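Comments concern the structure below.
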Amino acid sequence: MTNFIRQPIGRVILALGLLASTSHAESQPGAAVVPSSVTLQECYAKAKKISETVGISAENIRLLQEQYRAEIGAVLPHIDWIKSQFYQQNQVNGATGVAASSLLPTQPLSYFQLQQPIFAGFRDWDVISIAKSQQEQARLNQQQTDLQLLADVSAAFYAAFTLQDQLSVLQETRKLNEDQVGQLSHWVDVGRSRPSEVLSAETQLASLDAQIEDTKRQLAESRHLLFFLTGVPGDVPLQDNELVPSELIVENALTRAGKRPDLLSAAEAVNQADLTIRYARGAHLPTLGLTARAYTERTGFLSDVRWDATFLLDVPLYEGGSTQAQVRVARSQEIIARLTLARLKRDVERQVRTAYEDLTRAVAEVQAYDKAVQLALKNYDTQKKEYRLGIINNLELLQLLTNMQDVRRQWLVSRANARLDDILLRIAMGEGL
């Protein structure tokens with residue numbers, strides 16, 4: 001793709017130099033210090049620190065990590081120490097053996113207990129696999145959240161950046177028009193110009209004032225949005241780092257988009273649906289568990305028995321068809337997950353193709369406006385000579401300045417749009433800055 005950055009910008013800057021003179025404040029040694037400017041990368045870094053959505057995604061990862069550890073713990077042995085003390089009314093009789101043991105007024109009991117699930121139809125391991133997949137899915141969702149935040153910050157940044165530059169252009173143009181009005185007023189006094197020319201110039205100056213105020217309003221709104229997203233104060237100037245568009249073809253962009261976080265997240269959802277089917281089927285299988293006790297204190301006729309163990313086997317025979325219904329539910333969820341993934345793949349292809357086409361057209365637009373600025377400069381030089389020769393009047397010169405101002409503003413908008421489209425293409429491919 002043609003690199004729109006490598007343009008004859010020097011000639012454009014020369015044209016802009018003819019439009020504006022250096023401001024008085026900048027020429028004074030005691031002028032106020034301009035706050036440090038910020039770039040898009042810095043704004044994005046600040047946004048990630050204050051975004052509640054990003055914080056929620058990060059916390060959700062930690063939550064699922066702990067759930068995964070909890071599921072691991074469910075298949076490991078559970079060991080407890082249990083102590084009990086039984087009291088009852090003292091009874092005196094001639095009972096012996098078991099009866100005598102049950103009539104003891106105090107019956108302490110203390111033991112260590114081990115519980116170990118041995119087989120659960122592989123359902124416990126399916127739960128662990130699902131938890132691990134959910135943990136990976138949360139990580140991918142966080143990456144997608146970061147990309148969405150980048151898209152929001154980029155749109156807000158370039159909206160404010162463009163308006164910031166447009167305001168500078170309008171203010172420079174206003175100063176030139178104001179100087180021209182003063183010159184026309186002088187020429188009216190000496191009889192060289194007509195009063196109507198002054199009125200026309202003043203009308204144009206008033207129109208510029210209205211445009212400046214409207215641009216300030218839009219700039220304030222865009223800076224409020226940028227402040228909400230990033231916390232960057234509205235009085236900090238924005239600086240744009242030149243971004244070179246990716247030199248790739250659409251097929252390569254589509255290939256790289258196959259690793260987008262949201263696509264991988266949807267694939268994890270399909271994996272979880274498959275595991276859920278296995279989990280539901282596992283309810284048809286028997287379960288086997290072990291409970292073992294080692295006694296440290298025991299009374300009565302069992303006082304010499306120091307340990308015991310119980311194996312529990314549970315074989316499901318009939319549950320009214322509920323287990324098979326759960327299997328069918330899991331299969332339906334798996335079909336939904338696969339259809340969702342297929343739809344997302346088609347939508348991703350659409351997004352990449354659209355973003356690629358937008359960037360291609362934006363680059364061509366920048367090149368066209370670059371040519372327009374060069375022609376505007378050439379036209380300015382020509383008509384300036386004609387003005388000195390008296391071929392054109394002051395109003396025609398003012399109209400030329402207005403036209404050059406419009407071309408420059410459109411050029412600034414096209415450059416910002418091209419940079420934003422380049423970022424949006426990277427986001428569509430699942431990549432960041």
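Residue numbering restarts at 1 for every chain of the structure tokens, chains are lettered A, B, ... in their displayed order, and ligands are numbered from 1 as they appear.
Within stretch 60-255 of chain A, residues classed as strand (DSSP E or B) by DSSP on backbone coordinates are His78, Ile79, Asp80, Trp81, Ile82, Lys83, Ser84, Gln85, Phe86, Tyr87, Thr106, Gln107, Pro108, Leu109, Ser110, Tyr111, Phe112, Gln113, Leu114, Gln115, Gln116, Pro117, Ile118, Phe119 and Leu238 of chain A.
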Restricting the output to N, CA, C and O atoms, write the selected residues as a short mmCIF file (atom, residue, chain, number, x, y, z; two decimals), in the first residue's frame.
```
data_model
loop_
_atom_site.label_atom_id
_atom_site.label_comp_id
_atom_site.auth_asym_id
_atom_site.auth_seq_id
_atom_site.Cartn_x
_atom_site.Cartn_y
_atom_site.Cartn_z
N HIS A 78 -9.21 -35.11 50.99
CA HIS A 78 -9.61 -34.18 52.04
C HIS A 78 -9.33 -34.85 53.38
O HIS A 78 -9.87 -35.93 53.68
N ILE A 79 -8.49 -34.23 54.17
CA ILE A 79 -8.10 -34.79 55.47
C ILE A 79 -8.57 -33.85 56.57
O ILE A 79 -8.32 -32.64 56.53
N ASP A 80 -9.26 -34.41 57.57
CA ASP A 80 -9.78 -33.62 58.69
C ASP A 80 -9.46 -34.33 59.99
O ASP A 80 -9.34 -35.57 60.06
N TRP A 81 -9.32 -33.55 61.03
CA TRP A 81 -9.26 -34.09 62.40
C TRP A 81 -10.57 -33.75 63.07
O TRP A 81 -10.98 -32.58 63.13
N ILE A 82 -11.23 -34.77 63.59
CA ILE A 82 -12.57 -34.60 64.18
C ILE A 82 -12.51 -35.04 65.63
O ILE A 82 -12.02 -36.12 65.96
N LYS A 83 -13.02 -34.19 66.50
CA LYS A 83 -13.03 -34.46 67.93
C LYS A 83 -14.46 -34.24 68.43
O LYS A 83 -15.06 -33.19 68.18
N SER A 84 -15.00 -35.23 69.15
CA SER A 84 -16.34 -35.07 69.74
C SER A 84 -16.31 -35.59 71.18
O SER A 84 -15.49 -36.45 71.54
N GLN A 85 -17.22 -35.08 71.98
CA GLN A 85 -17.33 -35.46 73.39
C GLN A 85 -18.81 -35.63 73.72
O GLN A 85 -19.56 -34.65 73.69
N PHE A 86 -19.22 -36.86 74.02
CA PHE A 86 -20.63 -37.15 74.29
C PHE A 86 -20.82 -37.31 75.80
O PHE A 86 -20.06 -37.99 76.46
N TYR A 87 -21.89 -36.67 76.32
CA TYR A 87 -22.23 -36.75 77.74
C TYR A 87 -23.67 -37.27 77.86
O TYR A 87 -24.54 -36.91 77.06
N THR A 106 -19.54 -40.51 79.89
CA THR A 106 -18.67 -39.69 79.02
C THR A 106 -18.08 -40.59 77.94
O THR A 106 -17.47 -41.62 78.26
N GLN A 107 -18.26 -40.16 76.67
CA GLN A 107 -17.76 -40.97 75.56
C GLN A 107 -16.98 -40.07 74.59
O GLN A 107 -17.54 -39.50 73.65
N PRO A 108 -15.69 -39.90 74.81
CA PRO A 108 -14.88 -39.08 73.91
C PRO A 108 -14.57 -39.84 72.61
O PRO A 108 -14.49 -41.08 72.61
N LEU A 109 -14.41 -39.07 71.54
CA LEU A 109 -14.08 -39.67 70.26
C LEU A 109 -13.20 -38.69 69.49
O LEU A 109 -13.54 -37.51 69.35
N SER A 110 -12.07 -39.18 68.98
CA SER A 110 -11.14 -38.35 68.22
C SER A 110 -10.52 -39.20 67.12
O SER A 110 -10.07 -40.32 67.37
N TYR A 111 -10.52 -38.62 65.90
CA TYR A 111 -9.96 -39.40 64.78
C TYR A 111 -9.60 -38.46 63.62
O TYR A 111 -10.12 -37.35 63.50
N PHE A 112 -8.68 -38.97 62.78
CA PHE A 112 -8.36 -38.32 61.51
C PHE A 112 -9.18 -39.00 60.41
O PHE A 112 -9.25 -40.24 60.38
N GLN A 113 -9.75 -38.19 59.54
CA GLN A 113 -10.61 -38.74 58.49
C GLN A 113 -10.07 -38.36 57.11
O GLN A 113 -9.75 -37.20 56.86
N LEU A 114 -9.97 -39.35 56.25
CA LEU A 114 -9.52 -39.14 54.87
C LEU A 114 -10.68 -39.46 53.94
O LEU A 114 -11.26 -40.56 54.01
N GLN A 115 -11.02 -38.49 53.05
CA GLN A 115 -12.03 -38.71 52.03
C GLN A 115 -11.40 -38.50 50.66
O GLN A 115 -10.80 -37.46 50.40
N GLN A 116 -11.52 -39.53 49.82
CA GLN A 116 -10.88 -39.48 48.51
C GLN A 116 -11.84 -39.99 47.44
O GLN A 116 -12.20 -41.17 47.45
N PRO A 117 -12.26 -39.09 46.50
CA PRO A 117 -13.04 -39.60 45.36
C PRO A 117 -12.13 -40.39 44.43
O PRO A 117 -11.06 -39.92 44.03
N ILE A 118 -12.53 -41.58 44.10
CA ILE A 118 -11.70 -42.46 43.26
C ILE A 118 -12.14 -42.40 41.81
O ILE A 118 -11.31 -42.26 40.90
N PHE A 119 -13.43 -42.48 41.58
CA PHE A 119 -13.95 -42.44 40.22
C PHE A 119 -15.31 -41.75 40.24
O PHE A 119 -16.17 -42.08 41.05
N LEU A 238 -2.32 17.90 22.09
CA LEU A 238 -2.19 16.56 21.54
C LEU A 238 -1.14 16.55 20.45
O LEU A 238 -1.07 17.46 19.64
#
```
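Residues surrounding A:Thr145 within 8 Å are Thr53, Val54, Ser57, Asn141 and Leu149 of chain A [only C-alpha atoms; sequence separation below 4 positions excluded].
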Those residues you just picked out, can you put them in a file as a compact mmCIF listing (two decimals), in the first residue's frame with C-alpha atoms?
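Result saved to out-v5.txt:
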```
# COMPACT_ATOMS: atom_id res chain seq x y z
CA THR A 53 -13.90 -2.24 32.12
CA VAL A 54 -10.24 -3.27 31.91
CA SER A 57 -11.64 -8.07 32.97
CA ASN A 141 -11.61 -11.46 26.55
CA LEU A 149 -10.57 0.52 24.47
```
Handout entry: Contacts of A:Asp381 at 12 Å (only C-alpha atoms; same-chain gap of 2+ positions) as a ChimeraX atom specification
Key = /A:14-15,18-19,374-379,383-388,397,400-401,404
I need the residues from that last selection saved to file as an mmCIF file, in the first residue's frame (with N, CA and C atoms), if you can.
```cif
data_model
loop_
_atom_site.group_PDB
_atom_site.id
_atom_site.type_symbol
_atom_site.label_atom_id
_atom_site.label_comp_id
_atom_site.auth_asym_id
_atom_site.auth_seq_id
_atom_site.Cartn_x
_atom_site.Cartn_y
_atom_site.Cartn_z
ATOM 1 N N LEU A 14 5.456 25.290 3.575
ATOM 2 C CA LEU A 14 5.703 26.604 2.992
ATOM 3 C C LEU A 14 4.387 27.314 2.708
ATOM 4 N N ALA A 15 3.395 26.554 2.212
ATOM 5 C CA ALA A 15 2.087 27.170 1.947
ATOM 6 C C ALA A 15 1.454 27.662 3.228
ATOM 7 N N LEU A 18 2.838 30.928 4.400
ATOM 8 C CA LEU A 18 2.291 32.104 3.732
ATOM 9 C C LEU A 18 0.941 32.487 4.290
ATOM 10 N N LEU A 19 0.273 31.487 4.941
ATOM 11 C CA LEU A 19 -1.050 31.785 5.491
ATOM 12 C C LEU A 19 -0.983 32.431 6.866
ATOM 13 N N GLN A 374 -0.698 21.835 -2.734
ATOM 14 C CA GLN A 374 0.356 22.342 -3.618
ATOM 15 C C GLN A 374 -0.213 23.278 -4.697
ATOM 16 N N LEU A 375 -1.365 22.889 -5.252
ATOM 17 C CA LEU A 375 -2.000 23.743 -6.255
ATOM 18 C C LEU A 375 -2.488 25.044 -5.633
ATOM 19 N N ALA A 376 -2.976 24.957 -4.393
ATOM 20 C CA ALA A 376 -3.419 26.178 -3.707
ATOM 21 C C ALA A 376 -2.245 27.124 -3.487
ATOM 22 N N LEU A 377 -1.083 26.582 -3.167
ATOM 23 C CA LEU A 377 0.120 27.396 -3.018
ATOM 24 C C LEU A 377 0.495 28.065 -4.348
ATOM 25 N N LYS A 378 0.454 27.286 -5.409
ATOM 26 C CA LYS A 378 0.783 27.832 -6.725
ATOM 27 C C LYS A 378 -0.219 28.922 -7.124
ATOM 28 N N ASN A 379 -1.489 28.677 -6.833
ATOM 29 C CA ASN A 379 -2.522 29.658 -7.133
ATOM 30 C C ASN A 379 -2.321 30.929 -6.321
ATOM 31 N N GLN A 383 -1.849 34.593 -7.971
ATOM 32 C CA GLN A 383 -2.789 35.687 -7.735
ATOM 33 C C GLN A 383 -2.163 36.813 -6.909
ATOM 34 N N LYS A 384 -1.149 36.488 -6.141
ATOM 35 C CA LYS A 384 -0.461 37.545 -5.413
ATOM 36 C C LYS A 384 0.222 38.495 -6.403
ATOM 37 N N LYS A 385 0.802 37.898 -7.458
ATOM 38 C CA LYS A 385 1.407 38.738 -8.494
ATOM 39 C C LYS A 385 0.338 39.557 -9.213
ATOM 40 N N GLU A 386 -0.806 38.918 -9.483
ATOM 41 C CA GLU A 386 -1.890 39.633 -10.147
ATOM 42 C C GLU A 386 -2.441 40.753 -9.263
ATOM 43 N N TYR A 387 -2.424 40.542 -7.953
ATOM 44 C CA TYR A 387 -2.901 41.569 -7.030
ATOM 45 C C TYR A 387 -1.987 42.795 -7.077
ATOM 46 N N ARG A 388 -0.685 42.519 -7.135
ATOM 47 C CA ARG A 388 0.263 43.638 -7.206
ATOM 48 C C ARG A 388 0.092 44.427 -8.514
ATOM 49 N N LEU A 397 -8.654 38.399 -3.195
ATOM 50 C CA LEU A 397 -7.532 37.862 -2.428
ATOM 51 C C LEU A 397 -8.024 37.221 -1.129
ATOM 52 N N LEU A 400 -9.472 33.928 -1.859
ATOM 53 C CA LEU A 400 -8.400 32.955 -2.069
ATOM 54 C C LEU A 400 -7.903 32.407 -0.732
ATOM 55 N N LEU A 401 -7.713 33.303 0.244
ATOM 56 C CA LEU A 401 -7.266 32.865 1.568
ATOM 57 C C LEU A 401 -8.286 31.929 2.199
ATOM 58 N N MET A 404 -8.017 28.563 0.542
ATOM 59 C CA MET A 404 -6.830 27.847 1.015
ATOM 60 C C MET A 404 -7.054 27.299 2.420
#
```
Handout entry: Residue nearest A:Asp165 - candidates A:Gly321, A:Pro195, A:Pro237, A:Pro286, atoms counted: only C-alpha atoms
Key = A:Pro237
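Atom CA of A:Gly231 to atom CA of A:Ala151 spans 16.4 Å [interatomic distance, one decimal].
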Handout entry: Coordinates-based distance that separates atom CA of A:Ala138 from atom CA of A:Val153 (Å, one decimal)
Key =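 These two atoms are separated by 22.3 Å.
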